[in-house]
file my_file.cif (mmCIF, N, CA and C atoms)
data_target
loop_
_atom_site.label_atom_id
_atom_site.label_comp_id
_atom_site.auth_asym_id
_atom_site.auth_seq_id
_atom_site.Cartn_x
_atom_site.Cartn_y
_atom_site.Cartn_z
N MET A 1 -2.28 -14.39 -67.64
CA MET A 1 -3.32 -13.98 -66.71
C MET A 1 -4.26 -13.02 -67.42
N ARG A 2 -5.50 -13.19 -67.19
CA ARG A 2 -6.51 -12.37 -67.85
C ARG A 2 -6.81 -11.12 -67.04
N ARG A 3 -6.91 -9.98 -67.72
CA ARG A 3 -7.23 -8.71 -67.05
C ARG A 3 -8.74 -8.58 -66.90
N PRO A 4 -9.21 -7.93 -65.81
CA PRO A 4 -10.65 -7.73 -65.67
C PRO A 4 -11.17 -6.82 -66.78
N SER A 5 -12.35 -7.07 -67.19
CA SER A 5 -12.92 -6.26 -68.26
C SER A 5 -13.27 -4.87 -67.76
N PHE A 6 -13.40 -3.97 -68.70
CA PHE A 6 -13.74 -2.59 -68.40
C PHE A 6 -15.07 -2.50 -67.65
N LEU A 7 -16.05 -3.32 -68.05
CA LEU A 7 -17.36 -3.28 -67.41
C LEU A 7 -17.29 -3.73 -65.95
N VAL A 8 -16.46 -4.72 -65.66
CA VAL A 8 -16.31 -5.18 -64.28
C VAL A 8 -15.72 -4.06 -63.43
N LEU A 9 -14.70 -3.38 -63.96
CA LEU A 9 -14.09 -2.27 -63.23
C LEU A 9 -15.08 -1.13 -63.02
N LEU A 10 -15.87 -0.86 -64.02
CA LEU A 10 -16.88 0.20 -63.92
C LEU A 10 -17.90 -0.14 -62.84
N CYS A 11 -18.31 -1.39 -62.77
CA CYS A 11 -19.26 -1.82 -61.73
C CYS A 11 -18.65 -1.67 -60.34
N LEU A 12 -17.38 -2.00 -60.20
CA LEU A 12 -16.72 -1.85 -58.91
C LEU A 12 -16.66 -0.39 -58.48
N LEU A 13 -16.46 0.50 -59.43
CA LEU A 13 -16.40 1.93 -59.12
C LEU A 13 -17.74 2.48 -58.67
N SER A 14 -18.82 1.85 -59.06
CA SER A 14 -20.14 2.37 -58.72
C SER A 14 -20.68 1.80 -57.41
N LEU A 15 -19.92 0.95 -56.73
CA LEU A 15 -20.37 0.42 -55.45
C LEU A 15 -20.43 1.53 -54.41
N PRO A 16 -21.41 1.49 -53.51
CA PRO A 16 -21.51 2.53 -52.48
C PRO A 16 -20.31 2.47 -51.54
N VAL A 17 -19.86 3.63 -51.14
CA VAL A 17 -18.72 3.74 -50.23
C VAL A 17 -19.15 4.64 -49.09
N SER A 18 -18.88 4.21 -47.86
CA SER A 18 -19.20 5.08 -46.73
C SER A 18 -17.96 5.86 -46.33
N LEU A 19 -18.16 7.13 -46.07
CA LEU A 19 -17.06 8.00 -45.67
C LEU A 19 -16.99 8.07 -44.16
N PRO A 20 -15.79 8.21 -43.60
CA PRO A 20 -15.70 8.47 -42.17
C PRO A 20 -16.45 9.76 -41.84
N ALA A 21 -16.95 9.86 -40.62
CA ALA A 21 -17.76 11.03 -40.23
C ALA A 21 -17.01 12.33 -40.44
N SER A 22 -15.70 12.34 -40.18
CA SER A 22 -14.93 13.59 -40.33
C SER A 22 -14.89 14.04 -41.79
N LEU A 23 -14.81 13.09 -42.72
CA LEU A 23 -14.81 13.46 -44.14
C LEU A 23 -16.21 13.78 -44.63
N ALA A 24 -17.19 13.07 -44.13
CA ALA A 24 -18.57 13.31 -44.56
C ALA A 24 -19.02 14.71 -44.18
N ALA A 25 -18.59 15.20 -43.03
CA ALA A 25 -18.97 16.55 -42.61
C ALA A 25 -18.41 17.59 -43.57
N HIS A 26 -17.18 17.39 -44.01
CA HIS A 26 -16.58 18.34 -44.95
C HIS A 26 -17.18 18.21 -46.34
N ALA A 27 -17.63 17.04 -46.69
CA ALA A 27 -18.22 16.85 -48.02
C ALA A 27 -19.62 17.44 -48.10
N ALA A 28 -20.23 17.72 -46.95
CA ALA A 28 -21.60 18.20 -46.94
C ALA A 28 -21.75 19.59 -47.57
N VAL A 29 -20.75 20.44 -47.43
CA VAL A 29 -20.83 21.79 -47.98
C VAL A 29 -19.68 21.99 -48.96
N PRO A 30 -19.93 21.79 -50.24
CA PRO A 30 -18.85 21.97 -51.21
C PRO A 30 -18.52 23.45 -51.37
N ALA A 31 -17.29 23.72 -51.76
CA ALA A 31 -16.88 25.10 -52.04
C ALA A 31 -17.59 25.59 -53.28
N ARG A 32 -17.97 26.86 -53.27
CA ARG A 32 -18.63 27.47 -54.42
C ARG A 32 -18.00 28.82 -54.66
N ASN A 33 -17.90 29.20 -55.90
CA ASN A 33 -17.44 30.54 -56.28
C ASN A 33 -18.54 31.22 -57.08
N PHE A 34 -18.78 32.47 -56.75
CA PHE A 34 -19.72 33.32 -57.48
C PHE A 34 -18.91 34.50 -57.99
N VAL A 35 -18.98 34.79 -59.27
CA VAL A 35 -18.14 35.83 -59.87
C VAL A 35 -19.00 36.99 -60.36
N VAL A 36 -18.62 38.19 -59.93
CA VAL A 36 -19.29 39.43 -60.31
C VAL A 36 -18.33 40.23 -61.18
N PHE A 37 -18.76 40.62 -62.36
CA PHE A 37 -17.90 41.39 -63.27
C PHE A 37 -18.29 42.87 -63.24
N PHE A 38 -17.32 43.73 -63.53
CA PHE A 38 -17.51 45.18 -63.51
C PHE A 38 -17.04 45.79 -64.82
N GLN A 39 -17.57 46.98 -65.10
CA GLN A 39 -17.10 47.76 -66.24
C GLN A 39 -15.76 48.41 -65.87
N GLU A 40 -15.07 48.89 -66.87
CA GLU A 40 -13.77 49.52 -66.65
C GLU A 40 -13.90 50.72 -65.71
N TRP A 41 -13.04 50.79 -64.71
CA TRP A 41 -12.98 51.87 -63.72
C TRP A 41 -14.31 52.09 -63.00
N SER A 42 -15.05 51.02 -62.76
CA SER A 42 -16.35 51.13 -62.10
C SER A 42 -16.46 50.12 -60.96
N ALA A 43 -17.22 50.52 -59.95
CA ALA A 43 -17.58 49.60 -58.87
C ALA A 43 -19.11 49.50 -58.76
N ALA A 44 -19.81 49.96 -59.79
CA ALA A 44 -21.28 49.93 -59.80
C ALA A 44 -21.77 48.52 -60.12
N LEU A 45 -22.83 48.13 -59.43
CA LEU A 45 -23.43 46.81 -59.65
C LEU A 45 -24.56 46.92 -60.67
N ASP A 46 -24.43 46.20 -61.77
CA ASP A 46 -25.52 46.15 -62.74
C ASP A 46 -26.50 45.04 -62.31
N PRO A 47 -27.65 44.92 -62.97
CA PRO A 47 -28.63 43.91 -62.57
C PRO A 47 -28.07 42.48 -62.57
N SER A 48 -27.21 42.17 -63.51
CA SER A 48 -26.60 40.84 -63.56
C SER A 48 -25.75 40.59 -62.32
N ALA A 49 -24.97 41.57 -61.93
CA ALA A 49 -24.12 41.45 -60.73
C ALA A 49 -24.99 41.29 -59.48
N GLN A 50 -26.07 42.03 -59.41
CA GLN A 50 -26.96 41.93 -58.26
C GLN A 50 -27.59 40.54 -58.15
N ARG A 51 -27.90 39.93 -59.28
CA ARG A 51 -28.46 38.57 -59.27
C ARG A 51 -27.42 37.57 -58.77
N VAL A 52 -26.18 37.72 -59.21
CA VAL A 52 -25.12 36.81 -58.76
C VAL A 52 -24.94 36.93 -57.25
N ILE A 53 -24.91 38.16 -56.75
CA ILE A 53 -24.73 38.38 -55.31
C ILE A 53 -25.91 37.82 -54.53
N SER A 54 -27.12 37.98 -55.04
CA SER A 54 -28.30 37.43 -54.37
C SER A 54 -28.24 35.91 -54.30
N ARG A 55 -27.76 35.27 -55.37
CA ARG A 55 -27.59 33.80 -55.35
C ARG A 55 -26.54 33.39 -54.33
N ALA A 56 -25.45 34.14 -54.26
CA ALA A 56 -24.40 33.84 -53.28
C ALA A 56 -24.93 34.01 -51.86
N ALA A 57 -25.72 35.05 -51.63
CA ALA A 57 -26.29 35.28 -50.30
C ALA A 57 -27.24 34.15 -49.92
N ALA A 58 -28.08 33.74 -50.84
CA ALA A 58 -29.01 32.64 -50.57
C ALA A 58 -28.26 31.35 -50.26
N TRP A 59 -27.22 31.09 -51.03
CA TRP A 59 -26.43 29.87 -50.80
C TRP A 59 -25.75 29.94 -49.44
N SER A 60 -25.21 31.10 -49.12
CA SER A 60 -24.53 31.28 -47.84
C SER A 60 -25.48 31.10 -46.67
N LYS A 61 -26.68 31.66 -46.77
CA LYS A 61 -27.65 31.53 -45.68
C LYS A 61 -28.12 30.09 -45.53
N ALA A 62 -28.19 29.36 -46.62
CA ALA A 62 -28.59 27.95 -46.56
C ALA A 62 -27.49 27.08 -45.94
N HIS A 63 -26.26 27.57 -45.98
CA HIS A 63 -25.11 26.86 -45.40
C HIS A 63 -24.45 27.81 -44.40
N SER A 64 -25.13 28.06 -43.30
CA SER A 64 -24.72 29.13 -42.39
C SER A 64 -23.35 28.92 -41.76
N ASP A 65 -22.84 27.71 -41.75
CA ASP A 65 -21.51 27.48 -41.18
C ASP A 65 -20.40 27.69 -42.21
N ALA A 66 -20.75 28.01 -43.43
CA ALA A 66 -19.75 28.21 -44.49
C ALA A 66 -19.05 29.56 -44.29
N ALA A 67 -17.79 29.61 -44.69
CA ALA A 67 -16.99 30.83 -44.61
C ALA A 67 -17.01 31.55 -45.95
N LEU A 68 -17.18 32.87 -45.91
CA LEU A 68 -17.21 33.68 -47.13
C LEU A 68 -15.95 34.51 -47.25
N THR A 69 -15.38 34.53 -48.45
CA THR A 69 -14.29 35.43 -48.78
C THR A 69 -14.68 36.20 -50.03
N VAL A 70 -14.58 37.52 -49.95
CA VAL A 70 -14.90 38.40 -51.07
C VAL A 70 -13.60 39.02 -51.54
N SER A 71 -13.16 38.66 -52.76
CA SER A 71 -11.87 39.12 -53.30
C SER A 71 -12.10 40.01 -54.50
N GLY A 72 -11.77 41.29 -54.35
CA GLY A 72 -11.91 42.26 -55.44
C GLY A 72 -10.65 42.33 -56.27
N ALA A 73 -10.80 42.61 -57.56
CA ALA A 73 -9.66 42.71 -58.47
C ALA A 73 -9.91 43.79 -59.51
N ALA A 74 -8.83 44.23 -60.13
CA ALA A 74 -8.89 45.24 -61.19
C ALA A 74 -8.00 44.77 -62.33
N ASP A 75 -8.18 45.39 -63.51
CA ASP A 75 -7.28 45.06 -64.61
C ASP A 75 -5.98 45.85 -64.46
N ARG A 76 -5.08 45.71 -65.39
CA ARG A 76 -3.75 46.33 -65.26
C ARG A 76 -3.66 47.75 -65.78
N SER A 77 -4.75 48.31 -66.29
CA SER A 77 -4.67 49.70 -66.76
C SER A 77 -4.66 50.61 -65.54
N GLY A 78 -3.92 51.68 -65.60
CA GLY A 78 -3.85 52.62 -64.48
C GLY A 78 -2.71 52.29 -63.53
N SER A 79 -2.60 53.09 -62.49
CA SER A 79 -1.50 52.92 -61.52
C SER A 79 -1.81 51.79 -60.55
N GLY A 80 -0.77 51.28 -59.93
CA GLY A 80 -0.94 50.22 -58.94
C GLY A 80 -1.80 50.66 -57.77
N LYS A 81 -1.58 51.90 -57.31
CA LYS A 81 -2.35 52.42 -56.18
C LYS A 81 -3.83 52.55 -56.54
N ALA A 82 -4.12 53.09 -57.72
CA ALA A 82 -5.52 53.23 -58.15
C ALA A 82 -6.19 51.87 -58.28
N ASN A 83 -5.48 50.89 -58.83
CA ASN A 83 -6.05 49.55 -58.99
C ASN A 83 -6.28 48.88 -57.64
N GLN A 84 -5.38 49.11 -56.68
CA GLN A 84 -5.57 48.55 -55.34
C GLN A 84 -6.82 49.14 -54.70
N LEU A 85 -6.96 50.46 -54.77
CA LEU A 85 -8.14 51.11 -54.20
C LEU A 85 -9.43 50.65 -54.88
N LEU A 86 -9.40 50.52 -56.20
CA LEU A 86 -10.58 50.07 -56.94
C LEU A 86 -10.95 48.63 -56.57
N SER A 87 -9.95 47.77 -56.43
CA SER A 87 -10.25 46.38 -56.06
C SER A 87 -10.85 46.31 -54.65
N GLU A 88 -10.35 47.15 -53.73
CA GLU A 88 -10.91 47.19 -52.38
C GLU A 88 -12.33 47.74 -52.39
N LEU A 89 -12.58 48.77 -53.20
CA LEU A 89 -13.92 49.34 -53.31
C LEU A 89 -14.90 48.32 -53.88
N ARG A 90 -14.49 47.60 -54.90
CA ARG A 90 -15.37 46.57 -55.48
C ARG A 90 -15.71 45.50 -54.44
N ALA A 91 -14.71 45.07 -53.68
CA ALA A 91 -14.97 44.08 -52.64
C ALA A 91 -15.93 44.64 -51.59
N GLN A 92 -15.77 45.90 -51.23
CA GLN A 92 -16.64 46.53 -50.23
C GLN A 92 -18.08 46.64 -50.74
N VAL A 93 -18.24 47.03 -51.99
CA VAL A 93 -19.58 47.15 -52.59
C VAL A 93 -20.29 45.80 -52.58
N VAL A 94 -19.58 44.74 -52.92
CA VAL A 94 -20.18 43.41 -52.93
C VAL A 94 -20.50 42.96 -51.51
N THR A 95 -19.59 43.22 -50.57
CA THR A 95 -19.84 42.87 -49.17
C THR A 95 -21.07 43.60 -48.64
N ASP A 96 -21.20 44.88 -48.98
CA ASP A 96 -22.36 45.66 -48.55
C ASP A 96 -23.66 45.08 -49.12
N ARG A 97 -23.62 44.65 -50.37
CA ARG A 97 -24.81 44.07 -50.99
C ARG A 97 -25.15 42.72 -50.34
N LEU A 98 -24.12 41.92 -50.03
CA LEU A 98 -24.36 40.66 -49.31
C LEU A 98 -25.05 40.94 -47.97
N ALA A 99 -24.57 41.98 -47.26
CA ALA A 99 -25.17 42.35 -45.98
C ALA A 99 -26.62 42.77 -46.17
N ALA A 100 -26.90 43.53 -47.22
CA ALA A 100 -28.28 43.94 -47.52
C ALA A 100 -29.16 42.74 -47.82
N ASP A 101 -28.55 41.67 -48.33
CA ASP A 101 -29.29 40.44 -48.64
C ASP A 101 -29.33 39.48 -47.45
N GLY A 102 -28.86 39.94 -46.27
CA GLY A 102 -28.99 39.15 -45.05
C GLY A 102 -27.77 38.37 -44.61
N VAL A 103 -26.63 38.56 -45.25
CA VAL A 103 -25.41 37.87 -44.83
C VAL A 103 -24.67 38.79 -43.85
N PRO A 104 -24.41 38.33 -42.63
CA PRO A 104 -23.72 39.19 -41.66
C PRO A 104 -22.32 39.57 -42.15
N ALA A 105 -22.03 40.87 -42.18
CA ALA A 105 -20.72 41.34 -42.65
C ALA A 105 -19.60 40.82 -41.76
N SER A 106 -19.90 40.53 -40.50
CA SER A 106 -18.87 40.03 -39.59
C SER A 106 -18.35 38.66 -40.01
N GLY A 107 -19.12 37.93 -40.80
CA GLY A 107 -18.70 36.61 -41.26
C GLY A 107 -18.05 36.60 -42.63
N VAL A 108 -17.74 37.79 -43.15
CA VAL A 108 -17.16 37.90 -44.49
C VAL A 108 -15.73 38.39 -44.40
N ARG A 109 -14.83 37.66 -44.99
CA ARG A 109 -13.43 38.10 -45.11
C ARG A 109 -13.31 38.84 -46.44
N GLN A 110 -12.77 40.03 -46.40
CA GLN A 110 -12.74 40.89 -47.58
C GLN A 110 -11.30 41.17 -47.98
N LEU A 111 -11.00 41.03 -49.28
CA LEU A 111 -9.65 41.25 -49.80
C LEU A 111 -9.69 42.14 -51.03
N GLY A 112 -8.72 43.03 -51.14
CA GLY A 112 -8.49 43.78 -52.36
C GLY A 112 -7.20 43.29 -52.97
N LEU A 113 -7.27 42.68 -54.14
CA LEU A 113 -6.09 42.06 -54.75
C LEU A 113 -5.30 43.02 -55.63
N GLY A 114 -5.87 44.18 -55.93
CA GLY A 114 -5.20 45.10 -56.85
C GLY A 114 -5.33 44.61 -58.28
N ALA A 115 -4.32 44.93 -59.09
CA ALA A 115 -4.36 44.55 -60.50
C ALA A 115 -3.98 43.08 -60.67
N VAL A 116 -4.80 42.37 -61.40
CA VAL A 116 -4.50 40.99 -61.78
C VAL A 116 -4.60 40.94 -63.30
N GLY A 117 -3.88 40.07 -63.91
CA GLY A 117 -3.90 40.01 -65.36
C GLY A 117 -4.33 38.67 -65.88
N TYR A 118 -5.36 38.66 -66.69
CA TYR A 118 -5.77 37.45 -67.38
C TYR A 118 -5.37 37.59 -68.84
N ALA A 119 -4.90 36.51 -69.40
CA ALA A 119 -4.33 36.55 -70.75
C ALA A 119 -5.37 36.86 -71.83
N LEU A 120 -6.60 36.42 -71.64
CA LEU A 120 -7.58 36.56 -72.72
C LEU A 120 -8.15 37.97 -72.82
N THR A 121 -8.73 38.48 -71.74
CA THR A 121 -9.32 39.82 -71.79
C THR A 121 -9.13 40.52 -70.46
N SER A 122 -9.10 41.84 -70.51
CA SER A 122 -9.02 42.59 -69.26
C SER A 122 -10.36 42.54 -68.51
N GLN A 123 -11.45 42.25 -69.21
CA GLN A 123 -12.76 42.12 -68.56
C GLN A 123 -12.71 41.04 -67.48
N MET A 124 -12.00 39.97 -67.72
CA MET A 124 -11.89 38.89 -66.74
C MET A 124 -11.21 39.37 -65.46
N SER A 125 -10.39 40.40 -65.55
CA SER A 125 -9.68 40.93 -64.39
C SER A 125 -10.53 41.87 -63.56
N ARG A 126 -11.53 42.47 -64.15
CA ARG A 126 -12.39 43.44 -63.46
C ARG A 126 -13.53 42.68 -62.79
N ARG A 127 -13.24 42.13 -61.60
CA ARG A 127 -14.22 41.25 -61.00
C ARG A 127 -14.06 41.16 -59.49
N VAL A 128 -15.07 40.57 -58.88
CA VAL A 128 -15.03 40.17 -57.48
C VAL A 128 -15.44 38.71 -57.45
N VAL A 129 -14.69 37.90 -56.73
CA VAL A 129 -15.03 36.49 -56.55
C VAL A 129 -15.53 36.32 -55.11
N ILE A 130 -16.73 35.79 -54.99
CA ILE A 130 -17.29 35.44 -53.69
C ILE A 130 -17.05 33.95 -53.52
N SER A 131 -16.16 33.59 -52.61
CA SER A 131 -15.86 32.17 -52.35
C SER A 131 -16.58 31.75 -51.08
N VAL A 132 -17.34 30.68 -51.19
CA VAL A 132 -18.06 30.16 -50.04
C VAL A 132 -17.53 28.75 -49.80
N ALA A 133 -16.99 28.52 -48.60
CA ALA A 133 -16.37 27.22 -48.33
C ALA A 133 -16.64 26.79 -46.90
N GLN A 134 -16.54 25.50 -46.69
CA GLN A 134 -16.65 24.93 -45.35
C GLN A 134 -15.47 25.40 -44.52
N PRO A 135 -15.71 25.90 -43.32
CA PRO A 135 -14.58 26.37 -42.48
C PRO A 135 -13.69 25.23 -42.03
#

call {"tool": "encode", "arguments": {"input": "my_file.cif", "output": "structure tokens"}}
result
Amino acid sequence: MRRPSFLVLLCLLSLPVSLPASLAAHAAVPARNFVVFFQEWSAALDPSAQRVISRAAAWSKAHSDAALTVSGAADRSGSGKANQLLSELRAQVVTDRLAADGVPASGVRQLGLGAVGYALTSQMSRRVVISVAQP
């Protein structure tokens, strides 16, 4: 028996497919993550961080039914309590900036994750992730 050629299979994959309405609604707003990085032991927003937050706010306002989660994190230097407080402060600072950019704070879920560890650099741990997703 002969197998279909690669080109035939590729053509079949490119045929239009209609999604059920329930799936199409969820596909309309893809999840997005916006990442804001911080200096060591800081919750100050530099111009780069402000641009990221402004992009997240614009995206959120364009998809008003999307749910926002702001998750703050710290690196592993320092005590657990200090890192928890710093991660919460970072999340609060980003949430406040989102509100200043027109995103209602009531629609934002805010988390302080405390110390998280990334294998490559501690800079990767000093961050806030703004997750925007379909509810």

call {"tool": "closest_residue", "arguments": {"input": "my_file.cif", "among": "A:Gln92, A:Ser60, A:Ser71, A:Gln84", "to": "A:Ile130", "atoms": "all atoms listed in the file"}}
result
A:Ser71

call {"tool": "atom_distance", "arguments": {"input": "my_file.cif", "atom1": "atom CA of A:Val103", "atom2": "atom CA of A:Ala73"}}
result
21.4 Å

call {"tool": "select_by_dssp", "arguments": {"input": "my_file.cif", "residues": "stretch 48-101 of chain A", "states": "strand (DSSP E)", "output": "list of chain:residue names"}}
result
A:Ala67, A:Leu68, A:Thr69, A:Val70, A:Ser71, A:Gly72, A:Ala73, A:Ala74

call {"tool": "resolve_selection", "arguments": {"input": "my_file.cif", "expression": "the PyMOL selection byres (((chain A and resi 68 and name CA) around 9) and name CA)", "output": "list of chain:residue names"}}
result
A:Ser60, A:Ala66, A:Ala67, A:Thr69, A:Val70, A:Gly107, A:Val108, A:Arg109, A:Gln110, A:Ile130, A:Ser131, A:Val132, A:Ala133, A:Gln134

call {"tool": "resolve_selection", "arguments": {"input": "my_file.cif", "expression": "the PyMOL selection byres ((chain A and resi 122-126) around 6.5)", "output": "PyMOL selection string"}}
result
chain A and resi 36-39+73-76+116-121+127-128

call {"tool": "closest_residue", "arguments": {"input": "my_file.cif", "among": "A:Val52, A:Val129, A:Ala57, A:Ala43", "to": "A:Ala99", "atoms": "only N, CA and C atoms"}}
result
A:Ala57

call {"tool": "resolve_selection", "arguments": {"input": "my_file.cif", "expression": "the PyMOL selection byres (((chain A and resi 87 and name CA) around 8) and name CA)", "output": "list of chain:residue names"}}
result
A:Ser71, A:Gly72, A:Ala73, A:Ala74, A:Asn83, A:Gln84, A:Leu85, A:Leu86, A:Glu88, A:Leu89, A:Arg90, A:Ala91, A:Gly112, A:Leu113, A:Gly114, A:Ala115, A:Val128

call {"tool": "select_by_dssp", "arguments": {"input": "my_file.cif", "residues": "stretch 32-133 of chain A", "states": "alpha helix (DSSP H)", "output": "VMD selection string"}}
result
chain A and resid 47 to 62 80 to 100

call {"tool": "residues_around", "arguments": {"input": "my_file.cif", "residues": "A:Ile53", "least_positions_apart": "5", "cutoff": "7 Å", "atoms": "only N, CA and C atoms", "output": "PyMOL selection string"}}
result
chain A and resi 36+48+58+97-98

call {"tool": "write_last_selection", "arguments": {"input": "my_file.cif", "atoms": "N, CA and C atoms", "output": "PDB file, in the frame of the given file"}}
result
ATOM      1  N   VAL A  36     -18.620  38.190 -59.930  1.00  0.00           N
ATOM      2  CA  VAL A  36     -19.290  39.430 -60.310  1.00  0.00           C
ATOM      3  C   VAL A  36     -18.330  40.230 -61.180  1.00  0.00           C
ATOM      4  N   SER A  48     -27.210  42.170 -63.510  1.00  0.00           N
ATOM      5  CA  SER A  48     -26.600  40.840 -63.560  1.00  0.00           C
ATOM      6  C   SER A  48     -25.750  40.590 -62.320  1.00  0.00           C
ATOM      7  N   ALA A  58     -28.080  33.740 -50.840  1.00  0.00           N
ATOM      8  CA  ALA A  58     -29.010  32.640 -50.570  1.00  0.00           C
ATOM      9  C   ALA A  58     -28.260  31.350 -50.260  1.00  0.00           C
ATOM     10  N   ARG A  97     -23.620  44.650 -50.370  1.00  0.00           N
ATOM     11  CA  ARG A  97     -24.810  44.070 -50.990  1.00  0.00           C
ATOM     12  C   ARG A  97     -25.150  42.720 -50.340  1.00  0.00           C
ATOM     13  N   LEU A  98     -24.120  41.920 -50.030  1.00  0.00           N
ATOM     14  CA  LEU A  98     -24.360  40.660 -49.310  1.00  0.00           C
ATOM     15  C   LEU A  98     -25.050  40.940 -47.970  1.00  0.00           C
TER      16      LEU A  98
END

call {"tool": "decode", "arguments": {"input": "my_file.cif", "residues": "stretch 40-58 of chain A", "atoms": "N, CA and C atoms", "output": "PDB file, in the first residue's frame"}}
result
ATOM      1  N   GLU A  40      17.949  44.991  41.772  1.00  0.00           N
ATOM      2  CA  GLU A  40      18.038  44.303  43.055  1.00  0.00           C
ATOM      3  C   GLU A  40      17.484  45.186  44.174  1.00  0.00           C
ATOM      4  N   TRP A  41      16.627  44.627  45.013  1.00  0.00           N
ATOM      5  CA  TRP A  41      16.013  45.291  46.165  1.00  0.00           C
ATOM      6  C   TRP A  41      15.285  46.580  45.791  1.00  0.00           C
ATOM      7  N   SER A  42      14.680  46.612  44.617  1.00  0.00           N
ATOM      8  CA  SER A  42      13.981  47.808  44.157  1.00  0.00           C
ATOM      9  C   SER A  42      12.590  47.457  43.643  1.00  0.00           C
ATOM     10  N   ALA A  43      11.678  48.410  43.810  1.00  0.00           N
ATOM     11  CA  ALA A  43      10.353  48.307  43.212  1.00  0.00           C
ATOM     12  C   ALA A  43      10.093  49.509  42.302  1.00  0.00           C
ATOM     13  N   ALA A  44      11.155  50.232  41.957  1.00  0.00           N
ATOM     14  CA  ALA A  44      11.034  51.416  41.101  1.00  0.00           C
ATOM     15  C   ALA A  44      10.881  50.998  39.640  1.00  0.00           C
ATOM     16  N   LEU A  45      10.021  51.714  38.938  1.00  0.00           N
ATOM     17  CA  LEU A  45       9.790  51.445  37.521  1.00  0.00           C
ATOM     18  C   LEU A  45      10.698  52.325  36.673  1.00  0.00           C
ATOM     19  N   ASP A  46      11.538  51.694  35.865  1.00  0.00           N
ATOM     20  CA  ASP A  46      12.359  52.460  34.931  1.00  0.00           C
ATOM     21  C   ASP A  46      11.546  52.685  33.644  1.00  0.00           C
ATOM     22  N   PRO A  47      12.041  53.487  32.710  1.00  0.00           N
ATOM     23  CA  PRO A  47      11.279  53.763  31.487  1.00  0.00           C
ATOM     24  C   PRO A  47      10.898  52.501  30.703  1.00  0.00           C
ATOM     25  N   SER A  48      11.773  51.521  30.681  1.00  0.00           N
ATOM     26  CA  SER A  48      11.467  50.269  29.980  1.00  0.00           C
ATOM     27  C   SER A  48      10.279  49.564  30.632  1.00  0.00           C
ATOM     28  N   ALA A  49      10.266  49.513  31.948  1.00  0.00           N
ATOM     29  CA  ALA A  49       9.160  48.882  32.681  1.00  0.00           C
ATOM     30  C   ALA A  49       7.857  49.632  32.428  1.00  0.00           C
ATOM     31  N   GLN A  50       7.921  50.948  32.404  1.00  0.00           N
ATOM     32  CA  GLN A  50       6.723  51.748  32.160  1.00  0.00           C
ATOM     33  C   GLN A  50       6.154  51.487  30.767  1.00  0.00           C
ATOM     34  N   ARG A  51       7.028  51.284  29.787  1.00  0.00           N
ATOM     35  CA  ARG A  51       6.561  50.973  28.422  1.00  0.00           C
ATOM     36  C   ARG A  51       5.867  49.613  28.386  1.00  0.00           C
ATOM     37  N   VAL A  52       6.432  48.633  29.074  1.00  0.00           N
ATOM     38  CA  VAL A  52       5.818  47.296  29.111  1.00  0.00           C
ATOM     39  C   VAL A  52       4.433  47.380  29.745  1.00  0.00           C
ATOM     40  N   ILE A  53       4.329  48.099  30.847  1.00  0.00           N
ATOM     41  CA  ILE A  53       3.041  48.229  31.542  1.00  0.00           C
ATOM     42  C   ILE A  53       2.034  48.969  30.665  1.00  0.00           C
ATOM     43  N   SER A  54       2.471  49.992  29.959  1.00  0.00           N
ATOM     44  CA  SER A  54       1.575  50.724  29.054  1.00  0.00           C
ATOM     45  C   SER A  54       1.059  49.823  27.938  1.00  0.00           C
ATOM     46  N   ARG A  55       1.928  48.954  27.407  1.00  0.00           N
ATOM     47  CA  ARG A  55       1.487  47.999  26.375  1.00  0.00           C
ATOM     48  C   ARG A  55       0.473  47.018  26.952  1.00  0.00           C
ATOM     49  N   ALA A  56       0.717  46.548  28.173  1.00  0.00           N
ATOM     50  CA  ALA A  56      -0.220  45.623  28.820  1.00  0.00           C
ATOM     51  C   ALA A  56      -1.563  46.304  29.057  1.00  0.00           C
ATOM     52  N   ALA A  57      -1.534  47.559  29.481  1.00  0.00           N
ATOM     53  CA  ALA A  57      -2.772  48.300  29.717  1.00  0.00           C
ATOM     54  C   ALA A  57      -3.552  48.481  28.419  1.00  0.00           C
ATOM     55  N   ALA A  58      -2.862  48.840  27.359  1.00  0.00           N
ATOM     56  CA  ALA A  58      -3.526  49.021  26.063  1.00  0.00           C
ATOM     57  C   ALA A  58      -4.144  47.714  25.586  1.00  0.00           C
TER      58      ALA A  58
END
